[in-house]
$ cat target.cif   # mmCIF, C-alpha atoms
data_my_file
loop_
_atom_site.group_PDB
_atom_site.id
_atom_site.type_symbol
_atom_site.label_atom_id
_atom_site.label_comp_id
_atom_site.auth_asym_id
_atom_site.auth_seq_id
_atom_site.Cartn_x
_atom_site.Cartn_y
_atom_site.Cartn_z
ATOM 1 C CA MET A 1 -56.712 -45.255 20.494
ATOM 2 C CA GLY A 2 -54.339 -44.195 17.728
ATOM 3 C CA SER A 3 -55.464 -43.249 14.245
ATOM 4 C CA ASP A 4 -58.658 -44.413 12.611
ATOM 5 C CA SER A 5 -56.910 -47.225 10.775
ATOM 6 C CA THR A 6 -56.078 -49.039 14.026
ATOM 7 C CA SER A 7 -59.420 -48.396 15.658
ATOM 8 C CA PRO A 8 -61.499 -51.470 16.511
ATOM 9 C CA ASP A 9 -64.342 -49.823 14.644
ATOM 10 C CA ALA A 10 -62.397 -50.147 11.400
ATOM 11 C CA SER A 11 -62.773 -53.260 9.260
ATOM 12 C CA PRO A 12 -62.304 -56.503 11.218
ATOM 13 C CA VAL A 13 -58.895 -58.142 11.426
ATOM 14 C CA ARG A 14 -58.824 -61.590 9.922
ATOM 15 C CA VAL A 15 -55.777 -63.547 10.982
ATOM 16 C CA SER A 16 -56.420 -66.791 9.166
ATOM 17 C CA ARG A 17 -59.354 -68.500 7.600
ATOM 18 C CA VAL A 18 -61.264 -71.736 7.822
ATOM 19 C CA GLU A 19 -61.437 -73.972 4.790
ATOM 20 C CA ARG A 20 -65.034 -74.749 5.471
ATOM 21 C CA ASP A 21 -67.771 -73.070 7.459
ATOM 22 C CA VAL A 22 -67.959 -73.798 11.147
ATOM 23 C CA ARG A 23 -71.053 -75.881 11.752
ATOM 24 C CA GLU A 24 -73.603 -76.134 14.523
ATOM 25 C CA PRO A 25 -73.625 -77.489 17.152
ATOM 26 C CA MET A 26 -70.568 -75.781 18.541
ATOM 27 C CA GLN A 27 -68.645 -76.152 21.754
ATOM 28 C CA THR A 28 -66.830 -73.612 23.896
ATOM 29 C CA PRO A 29 -63.113 -74.308 24.199
ATOM 30 C CA PRO A 30 -61.413 -73.640 27.559
ATOM 31 C CA VAL A 31 -58.913 -70.773 27.401
ATOM 32 C CA ASP A 32 -55.972 -69.318 29.296
ATOM 33 C CA LEU A 33 -55.429 -65.586 28.918
ATOM 34 C CA TYR A 34 -52.369 -63.912 30.344
ATOM 35 C CA GLU A 35 -50.430 -60.697 30.107
ATOM 36 C CA THR A 36 -46.771 -60.387 29.206
ATOM 37 C CA ASP A 37 -44.571 -57.282 29.126
ATOM 38 C CA THR A 38 -45.274 -56.801 25.453
ATOM 39 C CA GLY A 39 -48.862 -57.941 25.131
ATOM 40 C CA TRP A 40 -51.404 -60.645 25.856
ATOM 41 C CA VAL A 41 -51.495 -64.323 24.957
ATOM 42 C CA LEU A 42 -54.649 -66.373 24.532
ATOM 43 C CA LEU A 43 -54.399 -70.171 24.537
ATOM 44 C CA ALA A 44 -57.430 -72.246 23.561
ATOM 45 C CA ASP A 45 -57.719 -76.037 23.640
ATOM 46 C CA VAL A 46 -59.111 -77.038 20.248
ATOM 47 C CA PRO A 47 -58.220 -80.730 19.795
ATOM 48 C CA GLY A 48 -58.940 -82.049 16.314
ATOM 49 C CA VAL A 49 -58.334 -78.699 14.640
ATOM 50 C CA GLY A 50 -55.623 -78.464 11.983
ATOM 51 C CA LYS A 51 -53.725 -75.419 10.760
ATOM 52 C CA ASP A 52 -56.085 -74.294 8.018
ATOM 53 C CA HIS A 53 -59.264 -74.627 9.990
ATOM 54 C CA VAL A 54 -59.040 -71.665 12.352
ATOM 55 C CA GLU A 55 -60.405 -68.175 11.996
ATOM 56 C CA VAL A 56 -59.498 -65.386 14.407
ATOM 57 C CA GLU A 57 -61.332 -62.128 13.987
ATOM 58 C CA VAL A 58 -61.241 -58.843 15.875
ATOM 59 C CA ASP A 59 -64.152 -56.496 15.653
ATOM 60 C CA ARG A 60 -65.108 -53.691 18.023
ATOM 61 C CA GLY A 61 -62.776 -54.861 20.780
ATOM 62 C CA VAL A 62 -63.995 -58.458 20.718
ATOM 63 C CA LEU A 63 -61.829 -61.346 19.599
ATOM 64 C CA THR A 64 -63.789 -64.165 17.981
ATOM 65 C CA VAL A 65 -62.331 -67.628 17.440
ATOM 66 C CA ARG A 66 -63.957 -70.167 15.139
ATOM 67 C CA ALA A 67 -62.293 -73.511 14.584
ATOM 68 C CA ALA A 68 -63.434 -76.478 12.540
ATOM 69 C CA VAL A 69 -62.637 -80.069 13.505
ATOM 70 C CA SER A 70 -61.105 -81.959 10.588
ATOM 71 C CA GLY A 71 -61.088 -85.662 9.797
ATOM 72 C CA GLU A 72 -63.737 -88.326 10.033
ATOM 73 C CA PRO A 73 -64.534 -90.324 13.160
ATOM 74 C CA PRO A 74 -63.356 -93.955 13.193
ATOM 75 C CA ALA A 75 -65.677 -96.622 11.847
ATOM 76 C CA GLY A 76 -67.770 -98.638 14.240
ATOM 77 C CA ARG A 77 -70.245 -98.366 17.052
ATOM 78 C CA LEU A 78 -69.556 -95.708 19.710
ATOM 79 C CA VAL A 79 -69.466 -97.762 22.898
ATOM 80 C CA LEU A 80 -68.199 -94.952 25.138
ATOM 81 C CA GLU A 81 -68.739 -91.289 24.299
ATOM 82 C CA GLU A 82 -67.248 -88.581 26.483
ATOM 83 C CA PHE A 83 -66.579 -85.843 23.951
ATOM 84 C CA ALA A 84 -68.382 -84.360 20.982
ATOM 85 C CA ARG A 85 -66.784 -83.976 17.590
ATOM 86 C CA ALA A 86 -68.083 -80.434 17.338
ATOM 87 C CA ASP A 87 -66.538 -77.240 15.998
ATOM 88 C CA TYR A 88 -65.372 -74.538 18.394
ATOM 89 C CA PHE A 89 -66.581 -71.001 18.974
ATOM 90 C CA ARG A 90 -65.448 -68.474 21.566
ATOM 91 C CA THR A 91 -65.438 -64.733 22.017
ATOM 92 C CA VAL A 92 -63.173 -62.799 24.368
ATOM 93 C CA ALA A 93 -63.354 -59.077 25.142
ATOM 94 C CA LEU A 94 -59.974 -57.450 24.629
ATOM 95 C CA SER A 95 -58.127 -54.637 26.266
ATOM 96 C CA ASP A 96 -58.278 -51.483 24.157
ATOM 97 C CA GLU A 97 -54.471 -51.395 24.359
ATOM 98 C CA VAL A 98 -54.106 -54.237 21.849
ATOM 99 C CA ASP A 99 -52.436 -53.379 18.561
ATOM 100 C CA TRP A 100 -55.075 -54.880 16.261
ATOM 101 C CA GLU A 101 -52.862 -54.796 13.212
ATOM 102 C CA ARG A 102 -50.254 -57.137 14.659
ATOM 103 C CA ILE A 103 -52.324 -59.951 16.125
ATOM 104 C CA GLY A 104 -50.897 -63.366 15.257
ATOM 105 C CA ALA A 105 -52.296 -66.876 15.583
ATOM 106 C CA ASN A 106 -51.150 -70.431 15.148
ATOM 107 C CA VAL A 107 -52.342 -73.936 15.999
ATOM 108 C CA ARG A 108 -50.118 -76.720 17.217
ATOM 109 C CA ASP A 109 -51.005 -80.040 18.843
ATOM 110 C CA GLY A 110 -54.626 -78.917 19.159
ATOM 111 C CA VAL A 111 -53.794 -75.683 21.000
ATOM 112 C CA LEU A 112 -54.549 -72.325 19.410
ATOM 113 C CA THR A 113 -52.158 -69.537 20.419
ATOM 114 C CA VAL A 114 -53.182 -65.954 19.717
ATOM 115 C CA THR A 115 -50.567 -63.287 20.436
ATOM 116 C CA MET A 116 -51.822 -59.764 20.875
ATOM 117 C CA PRO A 117 -49.064 -57.154 21.099
ATOM 118 C CA LYS A 118 -49.662 -53.996 23.084
ATOM 119 C CA ALA A 119 -49.902 -50.786 21.158
ATOM 120 C CA GLU A 120 -46.655 -48.840 21.463
ATOM 121 C CA GLN A 121 -48.056 -46.228 23.847
ATOM 122 C CA ALA A 122 -49.436 -48.908 26.183
ATOM 123 C CA ARG A 123 -46.131 -50.682 26.827
ATOM 124 C CA PRO A 124 -44.495 -50.190 30.191
ATOM 125 C CA ARG A 125 -41.490 -47.949 29.984
ATOM 126 C CA ARG A 126 -39.023 -46.936 32.579
ATOM 127 C CA ILE A 127 -39.186 -43.251 33.461
ATOM 128 C CA ARG A 128 -36.088 -41.793 34.928
ATOM 129 C CA VAL A 129 -36.835 -39.773 38.019
ATOM 130 C CA GLU A 130 -34.767 -36.636 38.055
ATOM 131 C CA PRO A 131 -33.568 -35.449 41.396
ATOM 132 C CA GLY A 132 -35.585 -32.364 42.325
ATOM 133 C CA MET B 1 -62.789 -75.006 67.511
ATOM 134 C CA ALA B 2 -63.966 -77.409 64.881
ATOM 135 C CA VAL B 3 -63.907 -76.140 61.301
ATOM 136 C CA PRO B 4 -67.131 -76.947 59.424
ATOM 137 C CA TRP B 5 -66.499 -79.234 56.470
ATOM 138 C CA TRP B 6 -67.546 -76.680 53.884
ATOM 139 C CA LYS B 7 -64.709 -74.413 55.053
ATOM 140 C CA SER B 8 -62.176 -77.131 55.688
ATOM 141 C CA GLY B 9 -61.247 -77.798 52.061
ATOM 142 C CA VAL B 10 -62.035 -81.469 52.672
ATOM 143 C CA ASP B 11 -64.588 -82.997 50.324
ATOM 144 C CA PRO B 12 -66.927 -85.089 52.499
ATOM 145 C CA PHE B 13 -68.336 -86.741 49.397
ATOM 146 C CA TRP B 14 -64.956 -87.813 48.116
ATOM 147 C CA GLY B 15 -65.668 -91.467 48.887
ATOM 148 C CA LEU B 16 -69.027 -91.306 47.146
ATOM 149 C CA ARG B 17 -67.524 -89.638 44.085
ATOM 150 C CA ALA B 18 -64.726 -92.202 43.958
ATOM 151 C CA MET B 19 -67.312 -94.982 44.122
ATOM 152 C CA ASN B 20 -69.319 -93.346 41.324
ATOM 153 C CA ARG B 21 -66.229 -93.264 39.154
ATOM 154 C CA GLU B 22 -65.440 -96.882 39.897
ATOM 155 C CA VAL B 23 -68.992 -97.977 39.049
ATOM 156 C CA ALA B 24 -68.846 -95.939 35.819
ATOM 157 C CA ARG B 25 -65.528 -97.524 34.906
ATOM 158 C CA LEU B 26 -66.785 -101.070 35.527
ATOM 159 C CA LEU B 27 -69.993 -100.527 33.575
ATOM 160 C CA ASN B 28 -68.213 -98.623 30.802
ATOM 161 C CA LEU B 29 -70.269 -95.491 31.364
ATOM 162 C CA PRO B 30 -68.930 -92.010 30.713
ATOM 163 C CA GLU B 31 -66.981 -90.660 33.699
ATOM 164 C CA PRO B 32 -67.771 -86.947 33.925
ATOM 165 C CA GLY B 33 -64.694 -84.879 34.678
ATOM 166 C CA ALA B 34 -62.246 -87.687 34.026
ATOM 167 C CA PHE B 35 -59.135 -86.626 32.105
ATOM 168 C CA PRO B 36 -58.533 -87.202 29.316
ATOM 169 C CA PRO B 37 -62.056 -87.600 27.931
ATOM 170 C CA VAL B 38 -62.228 -90.606 25.608
ATOM 171 C CA ASN B 39 -64.422 -92.015 22.864
ATOM 172 C CA VAL B 40 -64.331 -95.756 22.209
ATOM 173 C CA TYR B 41 -65.407 -97.228 18.864
ATOM 174 C CA ASP B 42 -65.996 -100.909 18.236
ATOM 175 C CA ASN B 43 -66.216 -102.661 14.875
ATOM 176 C CA ASP B 44 -65.682 -106.233 13.666
ATOM 177 C CA GLU B 45 -61.960 -105.795 13.060
ATOM 178 C CA GLU B 46 -60.765 -103.466 15.783
ATOM 179 C CA MET B 47 -61.463 -101.165 18.688
ATOM 180 C CA VAL B 48 -60.448 -97.517 18.401
ATOM 181 C CA VAL B 49 -59.873 -95.277 21.411
ATOM 182 C CA GLU B 50 -59.572 -91.532 20.922
ATOM 183 C CA ALA B 51 -58.427 -89.288 23.784
ATOM 184 C CA LEU B 52 -58.386 -85.489 23.790
ATOM 185 C CA LEU B 53 -54.909 -84.336 24.815
ATOM 186 C CA PRO B 54 -54.345 -80.837 23.441
ATOM 187 C CA GLY B 55 -50.854 -79.506 24.060
ATOM 188 C CA VAL B 56 -49.479 -82.837 25.258
ATOM 189 C CA GLY B 57 -46.625 -83.783 22.940
ATOM 190 C CA THR B 58 -45.781 -87.397 22.153
ATOM 191 C CA SER B 59 -42.730 -87.191 24.417
ATOM 192 C CA GLU B 60 -45.043 -86.545 27.378
ATOM 193 C CA LEU B 61 -47.308 -89.450 26.569
ATOM 194 C CA ASP B 62 -47.344 -93.055 27.748
ATOM 195 C CA VAL B 63 -49.862 -95.567 26.401
ATOM 196 C CA THR B 64 -49.996 -99.054 27.949
ATOM 197 C CA VAL B 65 -52.285 -101.994 27.288
ATOM 198 C CA THR B 66 -52.655 -104.810 29.805
ATOM 199 C CA GLY B 67 -55.241 -107.457 28.994
ATOM 200 C CA ASP B 68 -58.404 -105.508 28.262
ATOM 201 C CA SER B 69 -57.245 -102.330 30.021
ATOM 202 C CA LEU B 70 -55.809 -99.326 28.225
ATOM 203 C CA THR B 71 -53.940 -96.747 30.296
ATOM 204 C CA ILE B 72 -52.971 -93.302 29.046
ATOM 205 C CA LYS B 73 -50.527 -91.364 31.203
ATOM 206 C CA GLY B 74 -48.771 -88.073 30.731
ATOM 207 C CA THR B 75 -48.385 -84.453 31.679
ATOM 208 C CA LYS B 76 -50.254 -81.467 30.318
ATOM 209 C CA PRO B 77 -47.746 -78.606 30.420
ATOM 210 C CA GLU B 78 -48.445 -75.195 31.918
ATOM 211 C CA PRO B 79 -48.105 -72.090 29.793
ATOM 212 C CA PRO B 80 -44.369 -71.326 29.910
ATOM 213 C CA ASP B 81 -42.944 -68.672 32.243
ATOM 214 C CA VAL B 82 -46.091 -66.811 33.160
ATOM 215 C CA PRO B 83 -45.520 -64.745 36.324
ATOM 216 C CA GLU B 84 -48.015 -65.202 39.154
ATOM 217 C CA GLY B 85 -50.959 -62.862 38.918
ATOM 218 C CA ARG B 86 -50.652 -62.374 35.167
ATOM 219 C CA PHE B 87 -53.521 -64.713 34.340
ATOM 220 C CA ALA B 88 -56.807 -63.030 33.442
ATOM 221 C CA ARG B 89 -58.381 -66.419 32.704
ATOM 222 C CA ARG B 90 -57.206 -69.873 33.521
ATOM 223 C CA GLU B 91 -59.503 -72.655 32.368
ATOM 224 C CA ARG B 92 -57.290 -75.129 30.529
ATOM 225 C CA GLY B 93 -55.731 -76.913 33.475
ATOM 226 C CA SER B 94 -52.337 -78.590 33.619
ATOM 227 C CA GLY B 95 -50.425 -81.295 35.440
ATOM 228 C CA SER B 96 -49.976 -85.043 35.306
ATOM 229 C CA PHE B 97 -52.834 -87.415 34.527
ATOM 230 C CA SER B 98 -53.549 -91.111 34.257
ATOM 231 C CA ARG B 99 -56.658 -92.690 32.848
ATOM 232 C CA THR B 100 -57.550 -96.357 32.490
ATOM 233 C CA VAL B 101 -60.325 -97.475 30.156
ATOM 234 C CA ARG B 102 -61.712 -100.988 29.950
ATOM 235 C CA LEU B 103 -61.955 -102.234 26.380
ATOM 236 C CA PRO B 104 -64.953 -104.163 25.054
ATOM 237 C CA GLU B 105 -62.659 -107.118 24.225
ATOM 238 C CA HIS B 106 -59.090 -108.322 24.481
ATOM 239 C CA PRO B 107 -56.957 -106.811 21.724
ATOM 240 C CA ASP B 108 -54.180 -108.493 19.782
ATOM 241 C CA ALA B 109 -51.336 -106.991 21.819
ATOM 242 C CA ASP B 110 -48.758 -107.275 19.023
ATOM 243 C CA ARG B 111 -50.669 -105.174 16.517
ATOM 244 C CA ILE B 112 -51.727 -102.160 18.619
ATOM 245 C CA LYS B 113 -50.870 -98.788 17.121
ATOM 246 C CA ALA B 114 -51.119 -95.295 18.577
ATOM 247 C CA ALA B 115 -50.838 -91.970 16.762
ATOM 248 C CA TYR B 116 -50.989 -88.366 17.953
ATOM 249 C CA ARG B 117 -52.370 -85.668 15.700
ATOM 250 C CA ASP B 118 -53.790 -82.188 16.336
ATOM 251 C CA GLY B 119 -54.078 -82.879 20.055
ATOM 252 C CA ILE B 120 -55.888 -86.214 19.766
ATOM 253 C CA VAL B 121 -54.389 -89.606 20.547
ATOM 254 C CA THR B 122 -55.883 -92.400 18.472
ATOM 255 C CA VAL B 123 -55.147 -95.945 19.621
ATOM 256 C CA ARG B 124 -56.095 -98.713 17.201
ATOM 257 C CA LEU B 125 -56.482 -102.108 18.837
ATOM 258 C CA PRO B 126 -57.112 -104.982 16.393
ATOM 259 C CA LYS B 127 -59.176 -107.749 17.902
ATOM 260 C CA SER B 128 -57.496 -111.050 18.570
ATOM 261 C CA GLN B 129 -58.543 -113.840 16.198
ATOM 262 C CA ALA B 130 -60.344 -115.584 19.035
ATOM 263 C CA SER B 131 -62.663 -112.678 19.794
ATOM 264 C CA ARG B 132 -63.594 -111.773 16.213
ATOM 265 C CA PRO B 133 -67.115 -112.652 15.172
ATOM 266 C CA ARG B 134 -67.238 -115.537 12.730
ATOM 267 C CA ARG B 135 -70.082 -117.012 10.806
ATOM 268 C CA VAL B 136 -70.805 -120.640 11.551
ATOM 269 C CA SER B 137 -72.589 -122.545 8.852
ATOM 270 C CA VAL B 138 -75.472 -124.646 10.034
ATOM 271 C CA GLU B 139 -75.527 -128.014 8.378
ATOM 272 C CA THR B 140 -78.667 -129.872 7.623
ATOM 273 C CA SER B 141 -78.724 -133.302 9.115
#

$ encode --input "target.cif" --output "structure tokens"
Amino acid sequence: MGSDSTSPDASPVRVSRVERDVREPMQTPPVDLYETDTGWVLLADVPGVGKDHVEVEVDRGVLTVRAAVSGEPPAGRLVLEEFARADYFRTVALSDEVDWERIGANVRDGVLTVTMPKAEQARPRRIRVEPG
Amino acid sequence: MAVPWWKSGVDPFWGLRAMNREVARLLNLPEPGAFPPVNVYDNDEEMVVEALLPGVGTSELDVTVTGDSLTIKGTKPEPPDVPEGRFARRERGSGSFSRTVRLPEHPDADRIKAAYRDGIVTVRLPKSQASRPRRVSVETS
């Protein structure tokens, strides 16, 4: 698609960066992925992750999300444990119609939103049908 | 003609699953699949309950304590205005929820505090004076 500069084989797109390295063990966050008229939206549940602890990277048509949980657990004995305080890691294969240069990401209330606009030539456009 | 249960959409083990959940709740064991998932911490001063509620704003959240039961209720919103058939993946789930957790001890109801940050609700429940551990000196006779 397009020129070499927008090709997924070019250098990876880094949308934001983590303040510290994401550590093992990691967990896989659940995601929603849907299409809009202008692109795709990826939502990932990453509770415990603040603004500066997310990294979104695109390389060779694969979107990689790494997110680090911030803050310390409360003091005391864990008497009931149903979730792990582990960092998040997820990869999603993307449509080759994504405009890599304009991917945006933000985190709010523990939900990561990645917006991936369609490249101009991939957007739906109305074609007028001329009477024959 | 009778529809076999595996095609009927009815879960024949519903009763068994419900009983499992009830037993888990009474024994304070993890309840797999319960929403929201919670961690409960216990120290000398207080109990701390954390619940994972990504995307649920404070306006959608209701935290109630009755005796030694903590109930968290709310609604996890759907992605806004997504037309049917536009989802390529849908794993996050949405809708209303209610979860009740039994606390290790009775909290001091007047001093309970709850905060929501980065998709996690943290409820701090100080122990009532009566249930705090205290050292009793043993006197020699």

$ closest_residue --input "target.cif" --among "A:Ala44, A:Val79, A:Leu63, A:Tyr34" --to "Ile103 of chain A" --atoms "all atoms listed in the file"
A:Leu63

$ interface_residues --input "target.cif" --of "chain B" --to "chain A" --cutoff "9 Å" --atoms "all atoms listed in the file" --output "ChimeraX atom specification"
/B:28-32,37-44,46-48,50-57,79,82-83,85-93,104,116-120

$ closest_residue --input "target.cif" --among "A:Asp52, A:Glu120, A:Glu24, A:Glu72" --to "Trp100 of chain A" --atoms "all atoms listed in the file"
A:Glu120

$ atom_distance --input "target.cif" --atom1 "atom CA of Thr64 of chain B" --atom2 "atom CA of Val121 of chain B"
12.8 Å

$ atom_distance --input "target.cif" --atom1 "atom CA of Lys73 of chain B" --atom2 "atom CA of Gly95 of chain B"
10.9 Å

$ residues_around --input "target.cif" --residues "Val62 of chain A" --least-positions-apart "3" --cutoff "10 Å" --atoms "only C-alpha atoms" --output "PyMOL selection string"
chain A and resi 8+12+57-59+65+91-96

$ atom_distance --input "target.cif" --atom1 "atom CA of Ala115 of chain B" --atom2 "atom CA of Glu60 of chain B"
13.3 Å

$ residues_around --input "target.cif" --residues "Leu103 of chain B" --least-positions-apart "4" --cutoff "8 Å" --atoms "only C-alpha atoms" --output "list in words"
Met47, Asp68, Ser69 and Leu70 of chain B

$ residues_near_point --input "target.cif" --point "(-65.8, -75.7, 18.1)" --cutoff "8 Å" --atoms "only C-alpha atoms" --output "ChimeraX atom specification"
/A:22,26-29,46,66-69,86-89

$ write_last_selection --input "target.cif" --atoms "C-alpha atoms" --output "short mmCIF file (atom, residue, chain, number, x, y, z; two decimals), in the frame of the given file"
data_model
loop_
_atom_site.label_atom_id
_atom_site.label_comp_id
_atom_site.auth_asym_id
_atom_site.auth_seq_id
_atom_site.Cartn_x
_atom_site.Cartn_y
_atom_site.Cartn_z
CA VAL A 22 -67.96 -73.80 11.15
CA MET A 26 -70.57 -75.78 18.54
CA GLN A 27 -68.64 -76.15 21.75
CA THR A 28 -66.83 -73.61 23.90
CA PRO A 29 -63.11 -74.31 24.20
CA VAL A 46 -59.11 -77.04 20.25
CA ARG A 66 -63.96 -70.17 15.14
CA ALA A 67 -62.29 -73.51 14.58
CA ALA A 68 -63.43 -76.48 12.54
CA VAL A 69 -62.64 -80.07 13.50
CA ALA A 86 -68.08 -80.43 17.34
CA ASP A 87 -66.54 -77.24 16.00
CA TYR A 88 -65.37 -74.54 18.39
CA PHE A 89 -66.58 -71.00 18.97
#

$ closest_residue --input "target.cif" --among "B:Glu84, B:Pro77, B:Ser96, B:Glu45" --to "Pro133 of chain B" --atoms "only C-alpha atoms"
B:Glu45

$ residues_around --input "target.cif" --residues "Ser128 of chain B" --least-positions-apart "3" --cutoff "10 Å" --atoms "all atoms listed in the file" --output "ChimeraX atom specification"
/B:45-46,105-111,125,131-132

$ resolve_selection --input "target.cif" --expression "the PyMOL selection byres ((chain B and resi 62) around 10)" --output "number ranges by chain"
B: 58-61, 63-64, 71-75, 98

$ closest_residue --input "target.cif" --among "B:Val101, B:Val123, B:Ala34, B:Val138" --to "Thr66 of chain B" --atoms "only C-alpha atoms"
B:Val101
